[in-house]
file upload33.cif (mmCIF, C-alpha atoms)
data_input
loop_
_atom_site.label_atom_id
_atom_site.label_comp_id
_atom_site.auth_asym_id
_atom_site.auth_seq_id
_atom_site.Cartn_x
_atom_site.Cartn_y
_atom_site.Cartn_z
CA MET A 1 155.80 102.08 109.67
CA ALA A 2 155.03 100.18 106.48
CA ARG A 3 153.18 102.22 103.84
CA PHE A 4 151.13 101.11 100.85
CA PHE A 5 149.34 103.03 98.12
CA LEU A 6 145.73 102.17 97.31
CA PRO A 7 144.94 104.73 94.58
CA GLU A 8 141.28 105.55 93.94
CA THR A 9 140.21 103.79 97.16
CA VAL A 10 137.78 105.73 99.35
CA LEU A 11 138.72 105.14 102.98
CA GLY A 12 136.69 105.75 106.14
CA ILE A 13 137.01 105.06 109.86
CA ASP A 14 136.32 101.38 110.73
CA GLN A 15 136.21 100.46 107.05
CA VAL A 16 137.67 97.03 106.28
CA VAL A 17 139.82 97.13 103.16
CA THR A 18 140.72 94.14 101.01
CA LEU A 19 144.40 94.50 100.19
CA PRO A 20 145.75 93.84 96.67
CA ALA A 21 147.71 90.64 96.03
CA ASP A 22 151.06 92.42 95.69
CA VAL A 23 150.55 94.17 99.04
CA LEU A 24 149.61 90.91 100.73
CA LYS A 25 152.70 89.21 99.34
CA HIS A 26 154.92 92.02 100.61
CA LEU A 27 153.30 91.92 104.06
CA ARG A 28 153.65 88.17 104.43
CA THR A 29 156.89 87.24 102.72
CA VAL A 30 159.02 90.40 102.94
CA LEU A 31 157.91 92.20 106.09
CA ARG A 32 156.50 89.10 107.80
CA ILE A 33 153.84 91.23 109.43
CA LYS A 34 151.35 89.48 111.72
CA PRO A 35 147.66 90.27 112.40
CA GLY A 36 147.41 93.19 114.80
CA ALA A 37 150.26 95.12 113.23
CA GLU A 38 149.54 98.62 111.97
CA VAL A 39 150.31 100.04 108.53
CA ASP A 40 149.61 103.27 106.66
CA LEU A 41 147.39 103.17 103.57
CA LEU A 42 147.70 106.12 101.17
CA ASP A 43 145.41 107.23 98.36
CA GLY A 44 148.15 109.18 96.56
CA MET A 45 146.31 112.48 97.04
CA GLY A 46 147.38 113.31 100.59
CA GLN A 47 145.07 111.08 102.64
CA VAL A 48 146.81 108.70 105.03
CA ALA A 49 144.87 105.97 106.83
CA ARG A 50 146.36 104.22 109.84
CA ALA A 51 145.04 100.65 109.66
CA SER A 52 145.34 97.42 111.61
CA ILE A 53 145.92 94.09 109.88
CA VAL A 54 143.17 91.64 110.86
CA GLU A 55 143.15 87.83 110.85
CA ASP A 56 142.29 87.36 107.17
CA PHE A 57 144.94 89.94 106.24
CA SER A 58 142.50 92.62 105.28
CA ALA A 59 142.99 95.98 107.00
CA ARG A 60 140.66 97.90 109.33
CA VAL A 61 141.01 101.70 109.21
CA LEU A 62 141.69 103.17 112.65
CA ALA A 63 142.33 106.85 111.89
CA LEU A 64 142.61 109.28 108.99
CA ARG A 65 144.80 112.28 108.43
CA TYR A 66 145.70 114.53 105.52
CA GLU A 67 149.18 115.63 104.62
CA PRO A 68 149.55 119.20 103.27
CA ALA A 69 150.00 119.59 99.53
CA PRO A 70 153.52 120.28 98.24
CA VAL A 71 154.63 123.86 98.83
CA CYS A 72 156.20 123.99 95.37
CA HIS A 73 155.16 121.62 92.58
CA LEU A 74 158.22 120.29 90.71
CA SER A 75 157.95 118.86 87.18
CA LEU A 76 160.85 117.16 85.42
CA ILE A 77 160.91 116.76 81.64
CA GLN A 78 163.58 114.08 81.20
CA GLY A 79 164.98 113.23 77.77
CA VAL A 80 164.73 109.44 77.51
CA PRO A 81 168.16 107.95 78.30
CA LYS A 82 169.41 104.50 77.44
CA GLY A 83 169.33 101.44 79.67
CA GLU A 84 168.06 101.70 83.22
CA LYS A 85 169.05 105.32 83.82
CA LEU A 86 165.45 106.50 83.73
CA GLU A 87 164.58 104.09 86.55
CA LEU A 88 167.24 105.75 88.70
CA VAL A 89 165.84 109.21 87.90
CA LEU A 90 162.29 108.12 88.79
CA GLN A 91 163.31 106.43 92.02
CA LYS A 92 165.64 109.11 93.37
CA GLY A 93 163.53 111.95 91.99
CA THR A 94 160.53 110.65 93.91
CA GLU A 95 162.60 110.45 97.09
CA LEU A 96 163.65 114.07 96.55
CA GLY A 97 160.06 115.24 96.12
CA VAL A 98 159.58 115.58 92.36
CA ASN A 99 155.83 115.76 91.75
CA ALA A 100 155.60 114.98 88.04
CA PHE A 101 157.83 113.13 85.60
CA PHE A 102 157.61 113.50 81.83
CA PRO A 103 160.00 111.02 80.14
CA THR A 104 160.29 112.53 76.68
CA GLN A 105 161.57 111.29 73.34
CA MET A 106 163.99 113.99 72.20
CA GLU A 107 165.91 114.30 68.95
CA ARG A 108 169.13 112.93 70.44
CA SER A 109 167.61 110.28 72.68
CA VAL A 110 169.55 107.03 72.48
CA GLY A 111 166.84 105.16 74.36
CA LYS A 112 163.59 104.80 72.44
CA LEU A 113 159.97 104.67 73.53
CA LYS A 114 158.59 101.84 71.40
CA ALA A 115 154.82 101.60 71.04
CA ASP A 116 154.71 97.82 71.51
CA ARG A 117 156.65 98.03 74.80
CA GLU A 118 155.46 101.36 76.11
CA GLN A 119 152.59 100.09 78.28
CA LYS A 120 154.69 97.38 79.92
CA ARG A 121 157.48 99.81 80.70
CA LEU A 122 155.01 102.38 81.98
CA VAL A 123 153.62 99.86 84.49
CA ARG A 124 157.15 99.06 85.67
CA TRP A 125 158.06 102.74 86.01
CA GLN A 126 154.88 103.45 87.96
CA ARG A 127 155.75 100.65 90.37
CA ILE A 128 159.21 102.13 90.88
CA ILE A 129 157.68 105.53 91.68
CA GLN A 130 155.14 103.96 94.03
CA ALA A 131 157.79 101.96 95.91
CA ALA A 132 160.00 105.05 96.26
CA ALA A 133 157.05 107.12 97.50
CA CYS A 134 156.23 104.45 100.10
CA GLN A 135 159.83 104.23 101.25
CA SER A 136 160.27 108.00 101.52
CA GLY A 137 156.86 108.72 103.06
CA GLN A 138 155.55 110.84 100.21
CA ALA A 139 151.77 111.02 100.56
CA TYR A 140 151.25 112.47 97.08
CA LEU A 141 152.00 109.95 94.35
CA PRO A 142 154.02 111.62 91.57
CA GLN A 143 152.49 111.87 88.11
CA LEU A 144 154.11 109.92 85.26
CA GLU A 145 153.33 110.76 81.65
CA LEU A 146 155.30 109.73 78.57
CA LYS A 147 155.78 112.26 75.76
CA SER A 148 156.74 111.64 72.15
CA SER A 149 158.48 115.00 71.67
CA LEU A 150 159.76 117.97 73.65
CA ASP A 151 157.08 120.19 72.14
CA SER A 152 154.31 117.90 73.41
CA ALA A 153 155.87 117.87 76.90
CA ILE A 154 156.14 121.66 76.94
CA ASP A 155 152.49 122.00 75.94
CA ALA A 156 151.38 119.73 78.80
CA ILE A 157 152.92 121.73 81.65
CA GLU A 158 152.00 124.99 83.34
CA ALA A 159 154.67 126.60 85.53
CA ASP A 160 155.65 130.04 86.78
CA LEU A 161 159.38 129.17 86.66
CA LYS A 162 160.62 127.30 83.58
CA LEU A 163 164.23 126.19 83.23
CA ILE A 164 166.19 124.19 80.68
CA LEU A 165 169.58 122.71 81.52
CA TRP A 166 171.66 123.30 78.41
CA GLU A 167 175.40 122.90 78.06
CA GLU A 168 175.51 125.89 75.71
CA SER A 169 174.23 128.20 78.44
CA ALA A 170 176.56 130.23 80.63
CA GLN A 171 173.75 131.66 82.75
CA PRO A 172 174.19 130.68 86.44
CA LEU A 173 171.10 129.35 88.18
CA ASP A 174 171.12 131.94 90.97
CA LEU A 175 170.69 134.79 88.46
CA LEU A 176 167.43 133.29 87.18
CA LEU A 177 165.74 132.53 90.48
CA PRO A 178 162.79 134.85 91.24
CA GLU A 179 162.59 136.94 94.40
CA SER A 180 159.19 135.54 95.35
CA PRO A 181 158.98 131.72 95.70
CA PRO A 182 157.35 130.06 92.67
CA GLN A 183 154.45 127.69 93.16
CA ARG A 184 155.19 125.52 90.13
CA VAL A 185 158.59 124.84 88.55
CA ALA A 186 159.32 122.88 85.37
CA VAL A 187 162.81 121.76 84.33
CA ILE A 188 163.96 120.26 81.02
CA VAL A 189 166.93 117.87 81.01
CA GLY A 190 168.25 116.46 77.77
CA PRO A 191 169.31 112.85 77.04
CA GLU A 192 172.94 111.68 76.75
CA GLY A 193 173.41 113.46 73.43
CA GLY A 194 172.14 116.74 74.81
CA ILE A 195 169.50 119.17 73.59
CA THR A 196 169.54 120.35 70.00
CA GLU A 197 169.62 124.03 69.16
CA GLN A 198 166.15 123.78 67.65
CA GLU A 199 164.75 122.19 70.81
CA ALA A 200 166.38 124.91 72.90
CA GLU A 201 164.85 127.59 70.67
CA ASN A 202 161.40 126.00 70.93
CA ALA A 203 161.71 125.83 74.71
CA ALA A 204 162.82 129.48 74.87
CA ALA A 205 159.79 130.48 72.80
CA ALA A 206 157.63 128.75 75.44
CA GLY A 207 159.26 130.72 78.27
CA TYR A 208 162.02 128.34 79.33
CA GLN A 209 165.26 130.00 80.42
CA SER A 210 168.49 128.15 79.68
CA VAL A 211 170.71 127.69 82.70
CA SER A 212 174.04 126.17 83.70
CA LEU A 213 174.87 124.37 86.94
CA GLY A 214 178.57 125.17 86.67
CA PRO A 215 181.70 124.17 84.77
CA ARG A 216 181.21 120.41 85.07
CA ILE A 217 179.09 118.54 82.53
CA LEU A 218 176.72 116.29 84.47
CA ARG A 219 175.35 113.01 83.18
CA THR A 220 171.70 113.08 82.18
CA GLU A 221 170.68 110.94 85.19
CA THR A 222 172.57 113.30 87.53
CA ALA A 223 171.57 116.71 86.18
CA GLY A 224 167.85 116.54 86.92
CA LEU A 225 168.40 115.18 90.41
CA ALA A 226 170.95 117.92 91.13
CA ILE A 227 168.73 120.83 90.15
CA MET A 228 165.65 119.31 91.80
CA THR A 229 167.59 119.04 95.05
CA ILE A 230 168.50 122.73 94.84
CA LEU A 231 164.94 123.78 94.02
CA GLN A 232 163.47 121.62 96.79
CA TYR A 233 165.87 123.17 99.27
CA LEU A 234 165.06 126.71 98.16
CA TYR A 235 161.30 126.46 97.60
CA GLY A 236 160.05 123.11 98.86
CA ASP A 237 159.63 121.31 102.13
#
call {"tool": "encode", "arguments": {"input": "upload33.cif", "output": "structure tokens"}}
result
Amino acid sequence: MARFFLPETVLGIDQVVTLPADVLKHLRTVLRIKPGAEVDLLDGMGQVARASIVEDFSARVLALRYEPAPVCHLSLIQGVPKGEKLELVLQKGTELGVNAFFPTQMERSVGKLKADREQKRLVRWQRIIQAAACQSGQAYLPQLELKSSLDSAIDAIEADLKLILWEESAQPLDLLLPESPPQRVAVIVGPEGGITEQEAENAAAAGYQSVSLGPRILRTETAGLAIMTILQYLYGD
């Protein structure tokens, strides 16, 4: 079943929805869907509308349902890496069920968030998240918020389990996991150059516990996906 996000669209039974140009293009040229076919329209907040494509390629809502909210809300503070690594993190993280991404400019970030390019890149990253959510059937569209420093990212997030992946830590993950399942988890992953001692100290002061995933040093684009997979298995859906 093809899925498309229509954020901020109020949907009701028998409502006829005008589809955005990018959705129409995908329906016609990629999927080659004909009138009468059914698709799912999502608002990004759990509502899923089953709709039928009509002759003018608008969509008539046939039924509505609501998907349950995530059992455990997962936030990833990702130190901005170079190149296209962040796109991989956003795409695969969405597939794995990450609920909020905070690409963050850290002291050792090789990649830079430049003010004159930030909005254009943000639009592209949001499209990557949206496409991954459609593909994986995630009814809740993950949040994406850019941060200019680790301190600003830390201040923006509330969580009852806070972890920081730091190569200087020897603390195994299983020793830090609480007995009762957390409802919100936040994880900090550094860029290619790692996390500075000062950043680690600031995170610790905010309640983040440094943790190791074992003897192997993972690449920045691998580390966050690895720990999110573990946390989703333990506490998620």
call {"tool": "closest_residue", "arguments": {"input": "upload33.cif", "among": "A:Val16, A:Leu86, A:Val98, A:Ala159", "to": "A:Arg124", "atoms": "all atoms listed in the file"}}
result
A:Leu86
call {"tool": "residues_around", "arguments": {"input": "upload33.cif", "residues": "A:Leu176", "least_positions_apart": "5", "cutoff": "8 Å", "atoms": "all atoms listed in the file", "output": "list in words"}}
result
Gln171, Gln209 and Val211 of chain A
call {"tool": "residues_near_point", "arguments": {"input": "upload33.cif", "point": "(150.0, 89.0, 112.3)", "cutoff": "8 Å", "atoms": "all atoms listed in the file", "output": "NGL selection string"}}
result
:A and (32-37 or 53-55 or 57)
call {"tool": "closest_residue", "arguments": {"input": "upload33.cif", "among": "A:Ala132, A:Val61, A:Val185, A:Val110", "to": "A:Lys85", "atoms": "all atoms listed in the file"}}
result
A:Val110
call {"tool": "resolve_selection", "arguments": {"input": "upload33.cif", "expression": "the PyMOL selection byres ((chain A and resi 196) around 10)", "output": "PyMOL selection string"}}
result
chain A and resi 106-108+166+168+190+193-195+197-202
call {"tool": "axis_aligned_box", "arguments": {"input": "upload33.cif", "around": "stretch 213-231 of chain A", "padding_each_side": "3 Å", "output": "JSON"}}
result
{"center_x": 173.3, "center_y": 118.1, "center_z": 88.6, "size_x": 22.8, "size_y": 20.2, "size_z": 18.9}
call {"tool": "atom_distance", "arguments": {"input": "upload33.cif", "atom1": "atom CA of A:His73", "atom2": "atom CA of A:Ile129"}}
result
16.3 Å
call {"tool": "residues_around", "arguments": {"input": "upload33.cif", "residues": "A:Gln135", "least_positions_apart": "6", "cutoff": "10 Å", "atoms": "only C-alpha atoms", "output": "ChimeraX atom specification"}}
result
/A:1-4,94-95,129
call {"tool": "residues_near_point", "arguments": {"input": "upload33.cif", "point": "(162.9, 119.9, 84.7)", "cutoff": "7 Å", "atoms": "only C-alpha atoms", "output": "PyMOL selection string"}}
result
chain A and resi 75-78+163-164+186-189+224
call {"tool": "residues_around", "arguments": {"input": "upload33.cif", "residues": "A:Glu179", "least_positions_apart": "4", "cutoff": "12 Å", "atoms": "only C-alpha atoms", "output": "number ranges by chain"}}
result
A: 161, 174-175, 234-235
call {"tool": "decode", "arguments": {"input": "upload33.cif", "residues": "stretch 151-163 of chain A", "atoms": "all heavy atoms", "output": "compact mmCIF listing (two decimals), in the first residue's frame"}}
result
# COMPACT_ATOMS: atom_id res chain seq x y z
N ASP A 151 25.24 21.94 24.03
CA ASP A 151 24.49 22.49 25.16
C ASP A 151 23.07 22.85 24.76
O ASP A 151 22.12 22.60 25.51
CB ASP A 151 25.21 23.73 25.72
CG ASP A 151 26.48 23.39 26.48
OD1 ASP A 151 26.65 22.20 26.85
OD2 ASP A 151 27.32 24.29 26.70
N SER A 152 22.89 23.44 23.58
CA SER A 152 21.55 23.82 23.14
C SER A 152 20.70 22.59 22.86
O SER A 152 19.48 22.59 23.11
CB SER A 152 21.61 24.73 21.91
OG SER A 152 22.18 24.04 20.81
N ALA A 153 21.30 21.52 22.36
CA ALA A 153 20.57 20.28 22.12
C ALA A 153 20.14 19.65 23.44
O ALA A 153 19.00 19.19 23.60
CB ALA A 153 21.42 19.30 21.32
N ILE A 154 21.05 19.63 24.40
CA ILE A 154 20.74 19.06 25.72
C ILE A 154 19.58 19.81 26.37
O ILE A 154 18.66 19.20 26.94
CB ILE A 154 21.99 19.10 26.62
CG1 ILE A 154 23.01 18.05 26.15
CG2 ILE A 154 21.62 18.87 28.08
CD1 ILE A 154 24.34 18.12 26.85
N ASP A 155 19.58 21.13 26.26
CA ASP A 155 18.52 21.94 26.87
C ASP A 155 17.16 21.70 26.23
O ASP A 155 16.13 21.96 26.86
CB ASP A 155 18.87 23.43 26.76
CG ASP A 155 20.05 23.82 27.65
OD1 ASP A 155 20.36 23.06 28.58
OD2 ASP A 155 20.65 24.87 27.40
N ALA A 156 17.14 21.21 24.99
CA ALA A 156 15.88 21.07 24.25
C ALA A 156 15.16 19.75 24.52
O ALA A 156 14.02 19.58 24.09
CB ALA A 156 16.15 21.20 22.75
N ILE A 157 15.81 18.82 25.22
CA ILE A 157 15.28 17.47 25.32
C ILE A 157 15.00 17.08 26.77
O ILE A 157 15.84 17.27 27.65
CB ILE A 157 16.26 16.45 24.70
CG1 ILE A 157 16.50 16.78 23.23
CG2 ILE A 157 15.73 15.02 24.84
CD1 ILE A 157 17.58 15.94 22.60
N GLU A 158 13.83 16.49 26.98
CA GLU A 158 13.48 15.88 28.26
C GLU A 158 13.49 14.37 28.09
O GLU A 158 12.92 13.85 27.13
CB GLU A 158 12.10 16.35 28.72
CG GLU A 158 12.03 17.83 29.11
CD GLU A 158 12.85 18.15 30.35
OE1 GLU A 158 13.03 17.23 31.19
OE2 GLU A 158 13.29 19.30 30.48
N ALA A 159 14.15 13.65 29.00
CA ALA A 159 14.18 12.20 28.91
C ALA A 159 14.42 11.61 30.29
O ALA A 159 15.04 12.25 31.15
CB ALA A 159 15.29 11.74 27.95
N ASP A 160 13.91 10.39 30.51
CA ASP A 160 14.15 9.74 31.79
C ASP A 160 15.32 8.77 31.72
O ASP A 160 15.74 8.23 32.74
CB ASP A 160 12.89 9.04 32.32
CG ASP A 160 12.14 8.26 31.28
OD1 ASP A 160 12.33 8.50 30.08
OD2 ASP A 160 11.34 7.39 31.66
N LEU A 161 15.87 8.54 30.53
CA LEU A 161 17.12 7.81 30.37
C LEU A 161 17.98 8.59 29.38
O LEU A 161 17.58 8.80 28.24
CB LEU A 161 16.89 6.38 29.85
CG LEU A 161 18.15 5.55 29.57
CD1 LEU A 161 19.00 5.39 30.82
CD2 LEU A 161 17.79 4.19 28.98
N LYS A 162 19.16 9.04 29.84
CA LYS A 162 20.04 9.86 29.01
C LYS A 162 21.39 9.18 28.90
O LYS A 162 22.04 8.90 29.91
CB LYS A 162 20.20 11.26 29.64
CG LYS A 162 18.89 12.02 29.82
CD LYS A 162 19.13 13.35 30.53
CE LYS A 162 17.85 14.12 30.73
NZ LYS A 162 18.09 15.42 31.43
N LEU A 163 21.82 8.95 27.66
CA LEU A 163 23.07 8.24 27.42
C LEU A 163 23.95 9.02 26.45
O LEU A 163 23.44 9.69 25.54
CB LEU A 163 22.78 6.85 26.81
CG LEU A 163 21.86 5.92 27.62
CD1 LEU A 163 21.52 4.69 26.80
CD2 LEU A 163 22.52 5.53 28.94
